[in-house]
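Chemist: This one is final_1.txt, compact mmCIF, C-alpha atoms.
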```
# COMPACT_ATOMS: atom_id res chain seq x y z
CA MET U 1 -10.51 4.06 31.79
CA THR U 2 -11.50 7.41 33.15
CA VAL U 3 -8.19 8.53 34.60
CA PRO U 4 -6.59 11.01 32.16
CA SER U 5 -3.16 9.44 32.58
CA GLU U 6 -4.50 5.99 31.60
CA ARG U 7 -6.27 7.44 28.61
CA ARG U 8 -3.09 9.23 27.56
CA GLU U 9 -0.98 6.15 28.07
CA ALA U 10 -3.33 3.98 26.01
CA PHE U 11 -3.46 6.55 23.24
CA GLU U 12 0.29 6.84 23.07
CA ARG U 13 0.80 3.09 23.26
CA TYR U 14 -1.66 2.18 20.52
CA VAL U 15 -1.57 5.21 18.26
CA LEU U 16 2.00 6.50 18.09
CA PRO U 17 3.43 3.34 16.46
CA GLU U 18 0.80 3.60 13.70
CA LEU U 19 1.38 7.22 12.67
CA GLU U 20 3.40 6.34 9.61
CA THR U 21 0.87 3.80 8.33
CA MET U 22 -1.94 6.26 8.96
CA PHE U 23 -0.16 8.94 6.98
CA ARG U 24 0.66 6.62 4.09
CA VAL U 25 -2.92 5.39 3.86
CA ALA U 26 -4.22 8.95 4.13
CA LEU U 27 -1.94 9.95 1.28
CA ALA U 28 -3.18 7.00 -0.78
CA MET U 29 -6.74 8.16 -0.22
CA THR U 30 -6.27 11.87 -0.80
CA ARG U 31 -3.21 12.00 -3.11
CA ASN U 32 -2.54 15.34 -1.55
CA ARG U 33 -0.03 15.83 1.20
CA ALA U 34 -1.79 18.72 2.92
CA GLU U 35 -5.11 16.88 2.86
CA ALA U 36 -3.46 13.73 4.09
CA GLU U 37 -1.98 15.59 7.05
CA ASP U 38 -5.36 17.12 7.89
CA LEU U 39 -6.99 13.72 7.61
CA VAL U 40 -4.49 12.14 9.99
CA GLN U 41 -4.95 14.97 12.48
CA ASP U 42 -8.74 14.60 12.38
CA THR U 43 -8.34 10.86 12.79
CA LEU U 44 -6.11 11.34 15.82
CA LEU U 45 -8.72 13.55 17.46
CA ARG U 46 -11.45 11.00 16.81
CA ALA U 47 -9.28 8.14 18.00
CA PHE U 48 -8.57 9.97 21.23
CA GLN U 49 -12.27 10.50 21.82
CA ALA U 50 -12.90 6.81 21.17
CA ILE U 51 -9.90 5.32 23.00
CA GLU U 52 -11.98 4.38 26.04
CA ARG U 53 -14.09 2.07 23.93
CA PHE U 54 -11.10 0.43 22.23
CA ASP U 55 -10.34 -3.06 23.52
CA GLY U 56 -6.63 -2.95 22.67
CA ARG U 57 -6.79 -5.57 19.94
CA HIS U 58 -5.68 -4.77 16.39
CA PRO U 59 -4.92 -1.07 16.87
CA ARG U 60 -3.95 -0.64 13.21
CA ALA U 61 -7.27 -1.97 11.94
CA TRP U 62 -9.10 0.14 14.51
CA LEU U 63 -7.26 3.31 13.49
CA LEU U 64 -7.59 2.69 9.77
CA THR U 65 -11.32 2.20 10.16
CA ILE U 66 -11.55 5.56 11.95
CA LEU U 67 -9.39 7.10 9.23
CA ARG U 68 -11.58 5.74 6.47
CA ASN U 69 -14.77 6.94 8.15
CA THR U 70 -13.22 10.33 8.79
CA GLN U 71 -12.31 10.63 5.14
CA ILE U 72 -15.80 9.63 4.04
CA ASN U 73 -17.32 12.27 6.32
CA ARG U 74 -14.89 14.95 5.21
CA HIS U 75 -15.62 14.13 1.63
CA ARG U 76 -19.38 14.19 2.03
CA ARG U 77 -19.16 17.49 3.85
CA ARG U 78 -17.07 19.21 1.22
CA ARG U 79 -17.92 17.64 -2.10
CA PRO U 80 -21.07 15.59 -2.05
CA GLY U 81 -21.33 13.28 -5.01
CA LEU U 82 -17.77 13.69 -6.18
CA LEU U 83 -14.93 11.27 -6.03
CA ARG U 84 -11.52 12.52 -5.03
CA ASP U 85 -9.68 14.53 -7.61
CA TRP U 86 -6.15 14.33 -8.80
CA ASP U 87 -4.20 17.46 -8.18
CA GLY U 88 -0.79 16.09 -8.82
CA ASP U 89 0.43 17.35 -5.48
CA GLN U 90 2.61 14.38 -4.94
CA ARG U 91 6.06 14.56 -3.59
CA ALA U 92 8.65 14.97 -6.32
CA ARG U 93 9.99 11.52 -6.78
CA GLU U 94 13.56 10.69 -6.16
CA PRO U 95 15.72 9.14 -8.82
CA ALA U 96 14.86 5.50 -9.32
CA SER U 97 18.15 4.34 -7.94
CA THR U 98 21.01 6.03 -6.21
CA ASP U 99 23.53 3.22 -6.09
CA SER U 100 23.52 2.01 -9.68
CA GLY U 101 25.33 3.13 -12.80
CA PRO U 102 24.02 5.84 -15.13
CA GLU U 103 22.62 3.34 -17.64
CA GLU U 104 20.68 1.43 -15.00
CA THR U 105 19.42 4.70 -13.58
CA VAL U 106 18.16 5.84 -16.97
CA MET U 107 16.43 2.52 -17.60
CA ALA U 108 14.84 2.53 -14.15
CA THR U 109 13.66 6.09 -14.67
CA MET U 110 12.11 5.14 -18.01
CA LEU U 111 10.50 2.15 -16.38
CA ASP U 112 9.09 4.40 -13.66
CA PHE U 113 7.75 6.72 -16.32
CA VAL U 114 5.94 3.95 -18.19
CA VAL U 115 4.58 2.45 -14.98
CA GLU U 116 3.39 5.84 -13.79
CA ALA U 117 1.59 6.55 -17.06
CA ALA U 118 -0.07 3.13 -17.03
CA PHE U 119 -0.96 3.46 -13.36
CA SER U 120 -2.54 6.88 -13.93
CA ALA U 121 -4.74 5.43 -16.65
CA LEU U 122 -6.22 2.81 -14.31
CA PRO U 123 -9.64 3.26 -12.74
CA ASP U 124 -9.56 4.75 -9.23
CA HIS U 125 -10.56 1.55 -7.47
CA GLN U 126 -7.59 -0.30 -8.99
CA GLN U 127 -5.17 2.54 -8.35
CA ILE U 128 -5.90 2.78 -4.66
CA VAL U 129 -5.47 -0.96 -4.07
CA ILE U 130 -2.14 -1.00 -5.88
CA TRP U 131 -1.06 2.07 -3.95
CA LEU U 132 -1.99 0.56 -0.59
CA VAL U 133 -0.17 -2.71 -1.28
CA ASP U 134 2.85 -1.60 -3.32
CA VAL U 135 3.54 1.88 -1.99
CA ASP U 136 2.26 1.61 1.55
CA GLY U 137 3.17 -2.02 2.03
CA LEU U 138 -0.19 -3.05 3.46
CA SER U 139 -1.18 -6.69 3.52
CA TYR U 140 -4.23 -7.81 1.57
CA ARG U 141 -6.17 -8.04 4.82
CA GLU U 142 -5.19 -4.53 5.85
CA ALA U 143 -6.04 -3.10 2.43
CA ALA U 144 -9.41 -4.86 2.59
CA GLU U 145 -10.06 -3.30 6.00
CA VAL U 146 -9.10 0.17 4.82
CA LEU U 147 -11.38 -0.06 1.82
CA ALA U 148 -14.12 -2.03 3.57
CA VAL U 149 -14.16 -4.65 0.81
CA PRO U 150 -13.53 -8.42 0.91
CA ILE U 151 -9.96 -9.67 0.44
CA GLY U 152 -11.06 -11.30 -2.81
CA THR U 153 -11.96 -7.88 -4.16
CA VAL U 154 -8.54 -6.54 -3.20
CA MET U 155 -6.93 -9.46 -5.02
CA SER U 156 -8.99 -9.11 -8.18
CA ARG U 157 -8.44 -5.34 -8.36
CA LEU U 158 -4.72 -5.80 -7.85
CA HIS U 159 -4.59 -8.54 -10.43
CA ARG U 160 -6.45 -6.57 -13.09
CA GLY U 161 -4.65 -3.31 -12.41
CA ARG U 162 -1.16 -4.78 -12.48
CA LYS U 163 -1.99 -6.83 -15.53
CA ARG U 164 -2.90 -3.66 -17.38
CA ILE U 165 0.31 -2.00 -16.25
CA MET U 166 2.23 -5.07 -17.35
CA HIS U 167 0.75 -4.93 -20.82
CA GLN U 168 1.79 -1.31 -21.14
CA LEU U 169 5.25 -2.13 -19.92
CA VAL U 170 5.74 -5.09 -22.23
CA GLY U 171 4.50 -2.98 -25.11
CA SER U 172 7.06 -0.30 -24.34
CA GLU U 173 10.75 -0.45 -25.08
CA VAL U 174 11.78 -0.56 -21.47
CA ALA U 175 13.79 -3.63 -20.58
CA THR U 176 13.16 -5.23 -17.21
CA GLY U 177 15.35 -8.12 -16.23
CA ARG U 178 14.58 -10.93 -18.64
CA ILE U 179 12.06 -8.78 -20.50
CA SER U 180 13.42 -7.27 -23.67
CA MET K 1 7.44 -44.77 -0.48
CA ARG K 2 8.18 -43.10 -3.76
CA PHE K 3 9.92 -39.76 -3.97
CA ARG K 4 8.22 -37.28 -6.27
CA SER K 5 10.23 -35.98 -9.17
CA ARG K 6 10.93 -32.31 -9.73
CA ARG K 7 8.43 -32.35 -12.59
CA GLU K 8 5.70 -33.74 -10.31
CA LEU K 9 6.41 -31.03 -7.80
CA ASN K 10 6.06 -28.40 -10.47
CA MET K 11 2.83 -26.42 -10.78
CA SER K 12 1.18 -25.77 -14.09
CA CYS K 13 1.66 -22.35 -15.67
CA LEU K 14 -2.04 -21.65 -15.30
CA ARG K 15 -1.94 -22.33 -11.58
CA VAL K 16 1.19 -20.25 -11.15
CA ILE K 17 -0.34 -17.32 -13.00
CA ARG K 18 -3.35 -17.52 -10.69
CA VAL K 19 -1.24 -17.18 -7.54
CA LEU K 20 1.75 -15.27 -8.92
CA GLN K 21 0.80 -11.83 -7.65
CA ALA K 22 -0.12 -13.15 -4.21
CA TYR K 23 3.22 -14.99 -4.18
CA LEU K 24 5.13 -11.81 -5.03
CA ASP K 25 3.17 -9.96 -2.35
CA GLY K 26 4.12 -12.59 0.24
CA GLU K 27 0.50 -13.64 0.63
CA VAL K 28 0.74 -17.38 -0.05
CA ASP K 29 1.58 -20.17 2.37
CA GLU K 30 5.05 -21.64 2.55
CA SER K 31 4.38 -24.77 0.53
CA THR K 32 2.71 -22.82 -2.30
CA ALA K 33 5.61 -20.36 -2.28
CA ARG K 34 8.04 -23.24 -2.65
CA LEU K 35 6.14 -24.72 -5.58
CA VAL K 36 5.85 -21.36 -7.33
CA SER K 37 9.53 -20.71 -6.79
CA VAL K 38 10.46 -24.08 -8.35
CA HIS K 39 8.22 -23.36 -11.30
CA LEU K 40 9.63 -19.87 -11.85
CA ALA K 41 13.15 -21.24 -11.91
CA ASP K 42 12.18 -23.77 -14.57
CA CYS K 43 9.73 -21.87 -16.75
CA GLY K 44 11.16 -18.97 -18.73
CA ARG K 45 7.78 -17.56 -19.63
CA CYS K 46 6.46 -17.45 -16.08
CA GLY K 47 9.85 -16.29 -14.83
CA MET K 48 9.65 -13.39 -17.25
CA ARG K 49 6.15 -12.56 -16.10
CA ALA K 50 7.31 -12.61 -12.49
CA ASP K 51 10.23 -10.30 -13.34
CA THR K 52 7.83 -7.83 -14.93
CA TYR K 53 5.53 -7.82 -11.92
CA ARG K 54 8.54 -7.38 -9.65
CA ALA K 55 9.64 -4.41 -11.75
CA ILE K 56 6.17 -2.88 -11.49
CA LYS K 57 6.11 -3.37 -7.74
CA ALA K 58 9.56 -1.83 -7.41
CA ALA K 59 8.58 1.15 -9.58
CA MET K 60 5.48 1.69 -7.48
CA ALA K 61 7.44 1.39 -4.25
CA ARG K 62 9.74 4.17 -5.46
CA ARG K 63 6.73 6.47 -5.48
CA GLY K 64 6.68 6.17 -1.69
CA PRO K 65 5.29 9.22 0.03
CA GLY K 66 7.48 11.51 2.02
CA TRP K 67 7.50 10.01 5.47
CA ASP K 68 10.57 11.62 6.91
CA ASP K 69 11.83 12.59 10.33
CA ASP K 70 10.21 16.00 10.10
CA THR K 71 6.78 14.58 9.28
CA CYS K 72 7.18 11.96 11.96
CA GLN K 73 8.08 14.55 14.61
CA ARG K 74 5.20 16.82 13.66
CA PHE K 75 2.66 14.03 13.94
CA GLU K 76 4.13 12.81 17.19
CA ARG K 77 4.02 16.31 18.63
CA PHE K 78 0.42 16.68 17.55
CA ALA K 79 -0.55 13.24 18.89
CA ARG K 80 1.04 13.98 22.27
CA GLN K 81 -0.81 17.30 22.44
CA VAL K 82 -4.03 15.47 21.70
CA ALA K 83 -3.24 12.91 24.39
CA ARG K 84 -2.91 15.71 26.96
CA SER K 85 -6.17 17.40 26.02
CA ASP K 86 -9.64 17.04 27.47
CA PRO K 87 -11.62 14.68 25.18
CA ASP K 88 -14.88 16.48 25.97
CA ARG K 89 -13.49 19.73 24.66
CA ILE K 90 -12.19 18.44 21.34
```
Mind turning the file's structure into structure tokens?
Modeler:
Amino acid sequence: MTVPSERREAFERYVLPELETMFRVALAMTRNRAEAEDLVQDTLLRAFQAIERFDGRHPRAWLLTILRNTQINRHRRRRPGLLRDWDGDQRAREPASTDSGPEETVMATMLDFVVEAAFSALPDHQQIVIWLVDVDGLSYREAAEVLAVPIGTVMSRLHRGRKRIMHQLVGSEVATGRIS
Amino acid sequence: MRFRSRRELNMSCLRVIRVLQAYLDGEVDESTARLVSVHLADCGRCGMRADTYRAIKAAMARRGPGWDDDTCQRFERFARQVARSDPDRI
């Protein structure tokens, strides 16, 4: 694949459909929109350089691996020895529901508040798995690939993290369905 | 041949709890999903637990990052620029 047009065509065919997933995963990793955008751009450049060696199978897994490695390198370069920080630069969240009545909206907002507080108290490794699965909609296999851990680890981190959130929620006064 | 009763088809609470999150994430096979679903309909306690996990998942999903048309167009523009560039000069 040395012809520029073939390289371009392959890049556009495999990479363009995955932009949204790349951005969502980047945001899960950085928790910062500007950093996430930089990370995706760096990943795109690396992917383009590597497209000739890509066999065309599992483009998402291929791209997410590049993204993860890019993030690791960026991190090492800038802050050796530190884990990512929380800067709270997350998009202002929309109301929990736009098509329900005021009471339901208030309850859902309270629920979001409790869940957010419980989520924020979780260890990083549990937070990122929950984010990848629940916010980004990744499968267990995809989350395992992004994090370079076995699927069993994804499952146990999810299980423990959500269980802790559940305990906070049940202990609160927020009603959820049959919970009261 | 004997038909199995609804009770026989039902999973134990312990087994359901073990697979509940994977079930809610759509990560179990069809037959397991059917068994869990039967159990949740019958067991108030597990049904309540499932409702709570669903509420947590829904609350998390509402935190979804801002992937909008503008972001999409910017990335696409950038990706197409990259695709037209010389890889040796990146």
Chemist: Using only C-alpha atoms, which of K:Ala79, K:Leu24, K:Cys13, K:Cys43 sits nearest Lys57 (chain K)?
Modeler: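 Of all the options, K:Leu24 lies closest to Lys57 (chain K).
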Chemist: Write out as a VMD selection string the residues lying within 9 Å of Arg164 (chain U), counting all atoms listed in the file and excluding same-chain residues fewer than 5 positions away.
Modeler: chain U and resid 118 to 119 122 159 169
Chemist: Given a cut-off of 6 Å, which residues of chain U touch chain K, counting all atoms listed in the file, written out as a list in words?
Modeler: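 So the residues of chain U near chain K are Arg8, Gln49, Asp112, Asp134, Val135 and Arg178 of chain U.
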Chemist: Dump as JSON, numbers by chain all residues having an atom at most 12 Å from (-4.4, 4.4, 19.4), computed in the file's coordinates with all atoms listed in the file.
Modeler: {"U": [7, 8, 9, 10, 11, 12, 13, 14, 15, 16, 17, 18, 19, 22, 43, 44, 45, 46, 47, 48, 49, 50, 51, 52, 53, 54, 55, 56, 57, 58, 59, 60, 61, 62, 63, 64, 65, 66, 67], "K": [79, 80, 82, 83]}
Chemist: How many Å separate CA of Gln41 (chain U) from CA of Ala26 (chain U)?
Modeler: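 Between CA of Gln41 (chain U) and CA of Ala26 (chain U) the gap is 10.3 Å.
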Chemist: Could you tell me how far CA of Leu39 (chain U) sits from CA of Ile130 (chain U), in Å to one decimal place?
Modeler: 20.5 Å
Chemist: For CA of Ser5 (chain U) and CA of Gln73 (chain K), quote the distance in Å rounded to one decimal.
Modeler: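 Between CA of Ser5 (chain U) and CA of Gln73 (chain K) the gap works out to 21.8 Å.
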